[in-house]
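target17.txt, holding compact mmCIF, C-alpha atoms:
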```txt
# COMPACT_ATOMS: atom_id res chain seq x y z
CA MET U 1 0.00 0.00 0.00
CA LYS U 2 1.26 3.45 -0.93
CA VAL U 3 -0.10 6.37 1.13
CA ALA U 4 0.24 10.16 0.76
CA LEU U 5 -0.21 12.19 3.96
CA VAL U 6 -0.89 15.74 2.78
CA THR U 7 -0.10 18.74 5.03
CA GLY U 8 1.50 21.49 2.99
CA PRO U 9 4.76 23.02 4.31
CA CYS U 10 4.88 22.66 8.11
CA PRO U 11 8.21 23.38 9.86
CA PRO U 12 8.96 20.94 12.72
CA GLY U 13 7.53 22.33 15.93
CA GLY U 14 5.65 25.06 14.08
CA CYS U 15 2.38 23.18 13.60
CA GLY U 16 0.82 20.63 15.91
CA VAL U 17 -1.00 18.87 13.07
CA GLY U 18 2.22 18.84 11.02
CA ASP U 19 4.13 17.23 13.90
CA TYR U 20 1.30 14.71 14.38
CA THR U 21 1.44 13.79 10.69
CA MET U 22 5.19 13.16 10.78
CA CYS U 23 4.73 10.82 13.75
CA LEU U 24 1.86 9.06 11.97
CA GLY U 25 3.97 8.66 8.83
CA ASN U 26 6.82 7.13 10.83
CA ALA U 27 4.44 4.73 12.58
CA LEU U 28 2.86 3.65 9.28
CA ASN U 29 6.30 3.10 7.75
CA VAL U 30 7.28 0.93 10.72
CA SER U 31 4.14 -1.16 10.12
CA GLY U 32 5.25 -1.79 6.54
CA ILE U 33 3.22 0.85 4.67
CA GLU U 34 5.04 3.03 2.12
CA THR U 35 4.13 6.48 3.40
CA HIS U 36 5.02 9.89 1.97
CA VAL U 37 4.36 13.15 3.84
CA ILE U 38 3.53 15.72 1.12
CA THR U 39 4.55 19.25 2.04
CA SER U 40 5.17 20.80 -1.39
CA GLY U 41 2.63 22.07 -3.91
CA ASP U 42 0.48 25.06 -4.77
CA TRP U 43 -2.47 24.88 -2.37
CA SER U 44 -4.56 27.54 -4.10
CA LEU U 45 -7.69 26.37 -5.91
CA ARG U 46 -5.97 26.94 -9.25
CA GLY U 47 -2.78 25.11 -8.30
CA VAL U 48 -4.48 22.05 -6.83
CA PHE U 49 -5.25 20.64 -10.30
CA LYS U 50 -1.51 20.12 -10.80
CA VAL U 51 -1.23 18.58 -7.34
CA SER U 52 -4.03 16.13 -8.11
CA ARG U 53 -2.42 15.09 -11.41
CA ARG U 54 0.90 14.54 -9.63
CA PHE U 55 -0.77 12.25 -7.09
CA GLN U 56 -2.42 10.25 -9.86
CA GLU U 57 0.90 9.89 -11.69
CA GLN U 58 2.58 8.64 -8.51
CA LYS U 59 -0.19 6.04 -8.13
CA PHE U 60 -0.96 6.51 -4.45
CA ASP U 61 -3.47 3.97 -3.13
CA ILE U 62 -4.62 6.42 -0.45
CA VAL U 63 -4.43 10.23 -0.48
CA HIS U 64 -4.99 11.39 3.10
CA ILE U 65 -5.45 15.11 3.84
CA GLU U 66 -4.63 16.35 7.36
CA TYR U 67 -6.55 19.58 8.02
CA PRO U 68 -6.05 22.33 9.10
CA THR U 69 -2.32 23.00 9.05
CA VAL U 70 0.00 26.00 9.00
CA GLY U 71 1.08 24.82 5.55
CA PHE U 72 -2.41 25.22 4.09
CA GLY U 73 -3.19 28.48 5.87
CA ALA U 74 -6.45 29.97 4.57
CA LYS U 75 -6.08 28.48 1.09
CA LEU U 76 -8.86 26.23 -0.22
CA GLY U 77 -6.68 23.84 -2.22
CA PRO U 78 -7.20 20.94 0.24
CA GLN U 79 -10.96 21.26 -0.17
CA GLY U 80 -10.54 21.36 -3.94
CA LEU U 81 -8.34 18.26 -3.84
CA SER U 82 -10.99 16.34 -1.88
CA LEU U 83 -13.50 17.15 -4.64
CA LEU U 84 -11.17 16.28 -7.52
CA GLN U 85 -10.23 12.80 -6.35
CA SER U 86 -11.03 10.16 -3.77
CA CYS U 87 -9.46 11.02 -0.41
CA VAL U 88 -9.42 10.26 3.26
CA VAL U 89 -9.58 13.43 5.39
CA THR U 90 -8.71 14.00 9.04
CA ILE U 91 -10.41 17.10 10.46
CA HIS U 92 -8.45 18.01 13.56
CA GLU U 93 -10.60 21.00 14.50
CA ALA U 94 -14.24 21.70 13.71
CA SER U 95 -16.08 23.07 16.73
CA GLN U 96 -13.56 25.74 17.69
CA ARG U 97 -13.07 27.32 14.29
CA HIS U 98 -14.38 30.71 13.13
CA ILE U 99 -17.74 30.49 11.32
CA LEU U 100 -16.08 30.98 7.92
CA ARG U 101 -13.57 28.22 8.65
CA LYS U 102 -16.42 25.96 9.76
CA LEU U 103 -18.16 26.60 6.43
CA SER U 104 -14.91 25.83 4.62
CA LEU U 105 -15.02 22.31 6.09
CA PHE U 106 -18.23 21.51 4.22
CA PRO U 107 -16.55 20.47 0.90
CA PHE U 108 -14.71 17.70 2.76
CA THR U 109 -18.07 16.06 3.49
CA VAL U 110 -19.11 15.84 -0.19
CA ARG U 111 -16.79 13.26 -1.74
CA ALA U 112 -14.34 12.12 0.94
CA GLU U 113 -14.28 8.34 1.21
CA HIS U 114 -13.77 8.53 4.96
CA ILE U 115 -13.49 11.36 7.49
CA ILE U 116 -11.45 10.91 10.66
CA PHE U 117 -11.99 13.06 13.75
CA THR U 118 -9.63 13.28 16.70
CA SER U 119 -12.32 13.19 19.39
CA ARG U 120 -15.87 11.98 19.88
CA PHE U 121 -16.96 15.53 20.65
CA GLU U 122 -15.66 16.81 17.30
CA ARG U 123 -17.37 14.01 15.37
CA ARG U 124 -20.71 14.62 17.10
CA PHE U 125 -20.40 18.34 16.40
CA ALA U 126 -19.74 17.74 12.69
CA MET U 127 -22.61 15.27 12.35
CA ARG U 128 -25.05 17.95 13.53
CA TRP U 129 -24.45 19.95 10.35
CA ALA U 130 -23.50 17.04 8.07
CA PRO U 131 -25.44 13.99 9.31
CA TRP U 132 -24.65 12.01 6.13
CA ILE U 133 -21.04 11.52 7.25
CA ALA U 134 -22.08 9.17 10.09
CA ARG U 135 -21.47 5.98 8.08
CA ALA U 136 -18.17 7.13 6.61
CA SER U 137 -16.47 8.67 9.63
CA SER U 138 -14.72 7.51 12.78
CA VAL U 139 -12.60 8.71 15.69
CA ILE U 140 -8.87 8.04 15.96
CA PRO U 141 -7.11 9.61 18.96
CA VAL U 142 -4.08 11.86 18.71
CA GLY U 143 -0.79 10.74 20.18
CA SER U 144 2.17 12.49 21.73
CA ASN U 145 5.50 12.92 19.98
CA ILE U 146 7.18 12.67 23.40
CA GLY U 147 8.40 9.13 24.01
CA VAL U 148 8.34 7.29 27.30
CA VAL U 149 11.66 6.86 29.11
CA SER U 150 11.91 4.08 31.67
CA ASN U 151 12.79 5.16 35.17
CA ASN U 152 13.70 2.66 37.84
CA GLY U 153 14.50 5.34 40.39
CA SER U 154 12.30 7.61 42.48
CA ARG U 155 10.27 10.52 41.15
CA ALA U 156 10.47 14.02 42.55
CA LEU U 157 7.64 15.21 44.77
CA SER U 158 9.01 18.72 45.16
CA GLU U 159 7.98 19.87 41.67
CA VAL U 160 4.72 20.43 39.82
CA VAL U 161 5.20 20.22 36.04
CA TYR U 162 3.45 22.14 33.27
CA PHE U 163 4.08 21.07 29.66
CA GLY U 164 2.79 22.85 26.57
CA LEU U 165 3.17 25.81 24.27
CA ILE U 166 4.31 29.00 25.97
CA ALA U 167 1.70 31.22 24.41
CA PRO U 168 -1.48 33.11 25.33
CA ARG U 169 -4.68 31.17 26.13
CA LYS U 170 -2.78 28.10 27.28
CA GLY U 171 -3.49 28.45 31.01
CA LEU U 172 -0.06 29.79 31.95
CA GLU U 173 -1.54 32.64 33.96
CA GLN U 174 -3.14 30.01 36.22
CA VAL U 175 0.18 28.18 36.50
CA LEU U 176 1.79 31.42 37.69
CA GLU U 177 -1.07 31.85 40.15
CA LEU U 178 -0.33 28.39 41.57
CA SER U 179 3.31 29.37 42.09
CA MET U 180 2.19 32.56 43.91
CA LEU U 181 0.04 30.47 46.26
CA ILE U 182 2.96 28.09 46.88
CA LYS U 183 5.20 31.04 47.77
CA SER U 184 2.54 32.63 50.01
CA ALA U 185 2.03 29.36 51.88
CA GLY U 186 5.78 28.89 52.30
CA LEU U 187 5.65 25.40 50.81
CA PRO U 188 8.88 23.68 49.68
CA LEU U 189 7.56 23.25 46.14
CA THR U 190 8.68 24.41 42.70
CA VAL U 191 6.73 24.78 39.47
CA ARG U 192 8.58 23.64 36.35
CA ILE U 193 7.32 25.02 33.03
CA ILE U 194 8.40 22.97 30.01
CA GLY U 195 7.43 24.20 26.59
CA LYS U 196 8.16 25.64 23.20
CA VAL U 197 8.07 29.38 22.56
CA PRO U 198 6.62 30.22 19.11
CA PRO U 199 8.63 33.13 17.64
CA LYS U 200 5.60 35.42 17.52
CA TYR U 201 5.10 34.96 21.28
CA ALA U 202 8.67 35.70 22.35
CA ASP U 203 7.54 38.96 24.00
CA PHE U 204 4.77 37.13 25.85
CA HIS U 205 7.33 34.64 27.17
CA GLU U 206 9.67 37.39 28.34
CA ARG U 207 6.82 39.21 30.04
CA LEU U 208 5.81 36.10 31.98
CA ARG U 209 9.39 35.44 33.01
CA SER U 210 9.71 38.99 34.25
CA GLN U 211 6.46 38.73 36.22
CA SER U 212 7.58 35.44 37.79
CA ALA U 213 11.16 36.43 38.62
CA THR U 214 10.55 36.15 42.37
CA LEU U 215 8.34 33.06 42.20
CA PRO U 216 9.41 29.41 42.63
CA ILE U 217 9.37 28.67 38.89
CA ILE U 218 11.92 26.92 36.68
CA TRP U 219 11.60 27.67 32.95
CA ASN U 220 12.70 25.07 30.40
CA HIS U 221 11.90 26.09 26.85
CA ASP U 222 12.72 24.73 23.40
CA LEU U 223 14.10 21.42 24.67
CA GLY U 224 14.44 18.33 22.51
CA GLU U 225 11.88 15.53 22.72
CA GLU U 226 14.30 13.19 24.50
CA GLN U 227 15.17 15.86 27.07
CA ILE U 228 11.48 16.42 27.78
CA ALA U 229 10.84 12.68 28.08
CA LYS U 230 13.65 12.36 30.64
CA MET U 231 12.24 15.24 32.70
CA LEU U 232 8.76 13.71 32.72
CA ALA U 233 10.23 10.35 33.74
CA VAL U 234 11.46 11.80 37.04
CA SER U 235 8.36 13.92 37.75
CA SER U 236 5.29 12.91 39.76
CA ILE U 237 2.61 15.58 39.46
CA ALA U 238 1.47 17.62 36.44
CA TYR U 239 -0.74 20.71 36.29
CA LEU U 240 -2.43 21.39 32.94
CA PRO U 241 -5.08 24.12 33.37
CA TYR U 242 -6.47 24.19 29.82
CA PRO U 243 -8.78 27.23 29.52
CA ASP U 244 -11.40 25.21 27.60
CA GLY U 245 -10.79 21.99 29.52
CA ALA U 246 -9.00 18.70 28.94
CA SER U 247 -10.01 16.77 25.84
CA GLU U 248 -9.05 13.82 23.68
CA ARG U 249 -7.23 16.23 21.34
CA ARG U 250 -4.61 17.27 23.91
CA ALA U 251 -1.27 15.70 22.96
CA THR U 252 0.39 17.28 26.03
CA LEU U 253 -2.13 15.53 28.27
CA LYS U 254 -1.36 12.23 26.52
CA ALA U 255 2.38 12.80 27.10
CA MET U 256 1.82 13.27 30.84
CA LEU U 257 -0.45 10.24 31.17
CA GLN U 258 1.83 7.95 29.16
CA GLY U 259 4.76 9.24 31.20
CA GLY U 260 3.07 8.02 34.39
CA LEU U 261 2.33 11.37 36.08
CA ALA U 262 -0.65 12.15 38.28
CA VAL U 263 -2.41 14.89 36.32
CA ILE U 264 -4.38 17.83 37.68
CA THR U 265 -6.34 19.60 34.95
CA THR U 266 -9.56 21.44 34.14
CA ARG U 267 -12.94 20.20 32.94
CA GLY U 268 -14.64 21.73 29.89
CA PRO U 269 -17.37 21.05 27.33
CA HIS U 270 -15.02 18.80 25.32
CA THR U 271 -13.88 16.70 28.28
CA PRO U 272 -14.81 13.00 27.89
CA ARG U 273 -16.45 11.27 30.82
CA ASP U 274 -13.87 8.50 31.03
CA LEU U 275 -11.16 11.01 32.01
CA ALA U 276 -12.92 11.58 35.35
CA SER U 277 -11.43 8.39 36.79
CA VAL U 278 -7.95 9.15 35.42
CA VAL U 279 -7.20 12.78 36.39
CA LYS U 280 -8.13 15.28 39.08
CA PHE U 281 -10.30 18.18 37.91
CA CYS U 282 -9.58 21.53 39.56
CA GLN U 283 -11.06 24.70 38.12
CA SER U 284 -8.91 27.15 40.12
CA ALA U 285 -5.31 27.44 41.27
CA GLU U 286 -6.50 27.19 44.90
CA GLU U 287 -8.16 23.84 44.19
CA ALA U 288 -5.07 22.70 42.31
CA LEU U 289 -2.78 23.47 45.25
CA ALA U 290 -5.04 21.50 47.59
CA ALA U 291 -4.91 18.57 45.14
CA VAL U 292 -1.11 18.78 44.94
CA CYS U 293 -0.80 18.64 48.72
CA SER U 294 -3.24 15.72 48.88
CA LEU U 295 -1.26 13.75 46.28
CA ILE U 296 2.05 14.43 47.98
CA GLY U 297 0.64 13.23 51.30
CA SER U 298 -1.01 10.12 49.89
CA PRO U 299 1.28 7.70 48.02
CA GLU U 300 -1.65 5.29 47.64
CA GLU U 301 -3.85 7.87 45.89
CA ARG U 302 -0.95 8.91 43.67
CA SER U 303 -0.18 5.31 42.77
CA LYS U 304 -3.79 4.61 41.76
CA MET U 305 -3.80 7.67 39.50
CA VAL U 306 -0.53 6.62 37.87
CA VAL U 307 -1.86 3.12 37.10
CA LYS U 308 -4.99 4.55 35.49
CA ALA U 309 -2.96 7.16 33.62
CA VAL U 310 -0.71 4.54 32.04
CA GLN U 311 -3.70 2.36 31.14
CA TYR U 312 -5.39 5.31 29.45
CA GLY U 313 -2.19 6.21 27.65
CA ARG U 314 -1.93 2.75 26.09
CA GLY U 315 -4.93 3.58 23.94
CA CYS U 316 -3.04 6.49 22.37
CA THR U 317 0.26 4.89 21.34
CA TRP U 318 1.47 5.47 17.79
CA GLU U 319 1.40 1.72 17.18
CA ARG U 320 -2.34 1.65 17.93
CA ILE U 321 -2.98 4.90 16.02
CA ALA U 322 -1.25 3.43 12.96
CA LYS U 323 -3.30 0.21 13.29
CA LEU U 324 -6.56 2.20 13.38
CA HIS U 325 -5.52 4.12 10.25
CA LEU U 326 -4.71 0.87 8.46
CA GLU U 327 -8.20 -0.40 9.27
CA VAL U 328 -9.68 2.74 7.68
CA TYR U 329 -7.46 2.43 4.59
CA ASP U 330 -8.32 -1.26 4.16
CA SER U 331 -12.03 -0.47 4.47
CA VAL U 332 -11.76 2.27 1.83
CA LEU U 333 -9.91 -0.02 -0.60
CA ARG U 334 -12.45 -2.83 -0.09
CA LYS U 335 -15.32 -0.45 -0.88
CA ARG U 336 -13.53 0.72 -4.02
CA SER U 337 -13.03 -2.88 -5.10
CA SER U 338 -16.71 -3.69 -4.51
CA ARG U 339 -17.80 -0.67 -6.55
CA SER U 340 -15.44 -1.70 -9.35
CA ILE U 341 -16.90 -5.22 -9.43
CA ILE U 342 -20.45 -3.85 -9.54
CA GLN U 343 -19.54 -1.45 -12.35
CA ASP U 344 -17.94 -4.28 -14.35
CA GLU U 345 -21.04 -6.45 -13.89
CA ASN U 346 -23.30 -3.59 -14.97
CA THR U 347 -21.13 -2.93 -18.03
CA LYS U 348 -21.28 -6.61 -19.02
CA ARG U 349 -25.05 -6.71 -18.45
CA LEU U 350 -25.57 -3.66 -20.66
CA ALA U 351 -23.34 -5.19 -23.31
CA ARG U 352 -25.40 -8.40 -23.28
CA LEU U 353 -28.64 -6.42 -23.53
CA GLY U 354 -27.19 -4.46 -26.45
CA SER U 355 -26.19 -7.64 -28.27
CA LYS U 356 -29.64 -9.13 -27.77
CA SER U 357 -31.30 -6.03 -29.19
CA ASP U 358 -29.07 -6.22 -32.26
CA VAL U 359 -30.15 -9.83 -32.83
CA ASP U 360 -33.83 -8.97 -32.43
CA ILE U 361 -33.53 -6.20 -35.01
```

Structure rendered as structure tokens:
Amino acid sequence: MKVALVTGPCPPGGCGVGDYTMCLGNALNVSGIETHVITSGDWSLRGVFKVSRRFQEQKFDIVHIEYPTVGFGAKLGPQGLSLLQSCVVTIHEASQRHILRKLSLFPFTVRAEHIIFTSRFERRFAMRWAPWIARASSVIPVGSNIGVVSNNGSRALSEVVYFGLIAPRKGLEQVLELSMLIKSAGLPLTVRIIGKVPPKYADFHERLRSQSATLPIIWNHDLGEEQIAKMLAVSSIAYLPYPDGASERRATLKAMLQGGLAVITTRGPHTPRDLASVVKFCQSAEEALAAVCSLIGSPEERSKMVVKAVQYGRGCTWERIAKLHLEVYDSVLRKRSSRSIIQDENTKRLARLGSKSDVDI
């Protein structure tokens, strides 16, 4: 099987969907599928005709569009491609997009052979305005590009870890508030912030560092994946105060759970029910600090959370994600084959009818 994963140009670390696609491509290659991540091409409506011809010439069995990405931007080429030829499409965001972007998703529902969503919430949302996709859509979870490092030693209880983009609307203000409460209470705790700083938010990062200069915070930014994995392997408690709540789409949450940390996070409209038994939900920094103290004082409670976290994380490994994609691809190819057989039978039937008419005349 030969698969094209289509993203447009996405620099490593500059697009979450782009990074996800590279990990997916690697996992599919490991499973024996010839996979090509397609970043080049003119993604305007005019240029996509050339892109489509190129895919046909290269004889891909599956063309799989990952949307949206930084590489596509606001261009409508991906939508045009899905109308020009048979495709599989993963829609990573639907409910949180601007109304015009939501409308731009509609063409994907017209001809796509299968639509993949990254959470049950997103699929349900899409089916409200495109109910016909129910039979040709499914949910495949996102994974984390941070590997799991084995740790036979002890984990630190003196730190609370945040991991994610260092950018606005990521809950960092609440993380700083937690560190203020720790300092006010005189607790021997430190908050460690691990994350990447997008170039356009460099000023935001510097402003937060300036504001937190006297707080018990350690900043680690722009580290490599292996460095991050090693830090998580020796950490015990994570604090991820997502402004809109934890969801199945959060790769940083998956990294913490797979890494065996007890996670404190926030609940929102996208939060699945099954997370309730895996994490602790705290809607304020005050609640989070109380939860941290409870976990530090109760090894049994912490151990139970870690076991459930690891179990949950097993459902989001790249091996499983690749397997679920292969099931979709196989289903699509079987349907194509069935349609081809039916078309051949119809062609032969019409030919026989035509021959009979000629004889009658």

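Interatomic distance, atom CA of U:Ser104 to atom CA of U:Arg336: 26.6 Å.
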
List as JSON lines every residue of stretch 59-159 of chain U that is in contact with stretch 261-274 of chain U, defined as an atom at most 9 Å from one of its atoms (using all atoms listed in the file), together with the nearest atom pair and the distance in Å rounded to one decimal, sorted by chain and then rising number.
```
{"residue": "U:Ser119", "atom": "CA", "partner": "U:His270", "partner_atom": "CA", "distance": 8.6}
{"residue": "U:Arg120", "atom": "CA", "partner": "U:Pro272", "partner_atom": "CA", "distance": 8.1}
{"residue": "U:Phe121", "atom": "CA", "partner": "U:His270", "partner_atom": "CA", "distance": 6.0}
{"residue": "U:Glu122", "atom": "CA", "partner": "U:His270", "partner_atom": "CA", "distance": 8.3}
```

Mind giving me the straight-line distance from atom CA of U:Val142 to atom CA of U:Ile237 in Å, one decimal? 22.1 Å

Residue among U:Ala136, U:Leu45, U:Ala233, U:Val160 lying closest to U:Val332, counting all atoms listed in the file: U:Ala136

Atom CA of U:His36 to atom CA of U:Arg314: how many Å, to one decimal? 26.1 Å

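For the point (-1.2, 36.4, 33.4) in file coordinates, the residues within 10 Å, using all atoms listed in the file, are Pro168, Arg169, Gly171, Leu172, Glu173, Gln174, Val175, Leu176, Glu177, Phe204, Arg207, Leu208, Gln211 and Ser212 of chain U.
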
For U:Gly164, work out the shell of residues within 10 Å, counting all atoms listed in the file and skipping chain neighbours fewer than 6 positions away, then give it as a compact mmCIF listing (two decimals) with C-alpha atoms, keeping the file's coordinate frame.
```
# COMPACT_ATOMS: atom_id res chain seq x y z
CA LYS U 170 -2.78 28.10 27.28
CA GLY U 171 -3.49 28.45 31.01
CA LEU U 172 -0.06 29.79 31.95
CA ILE U 193 7.32 25.02 33.03
CA ILE U 194 8.40 22.97 30.01
CA GLY U 195 7.43 24.20 26.59
CA LYS U 196 8.16 25.64 23.20
CA VAL U 197 8.07 29.38 22.56
CA HIS U 221 11.90 26.09 26.85
CA LEU U 240 -2.43 21.39 32.94
CA TYR U 242 -6.47 24.19 29.82
CA ARG U 250 -4.61 17.27 23.91
CA ALA U 251 -1.27 15.70 22.96
CA THR U 252 0.39 17.28 26.03
CA LEU U 253 -2.13 15.53 28.27
```
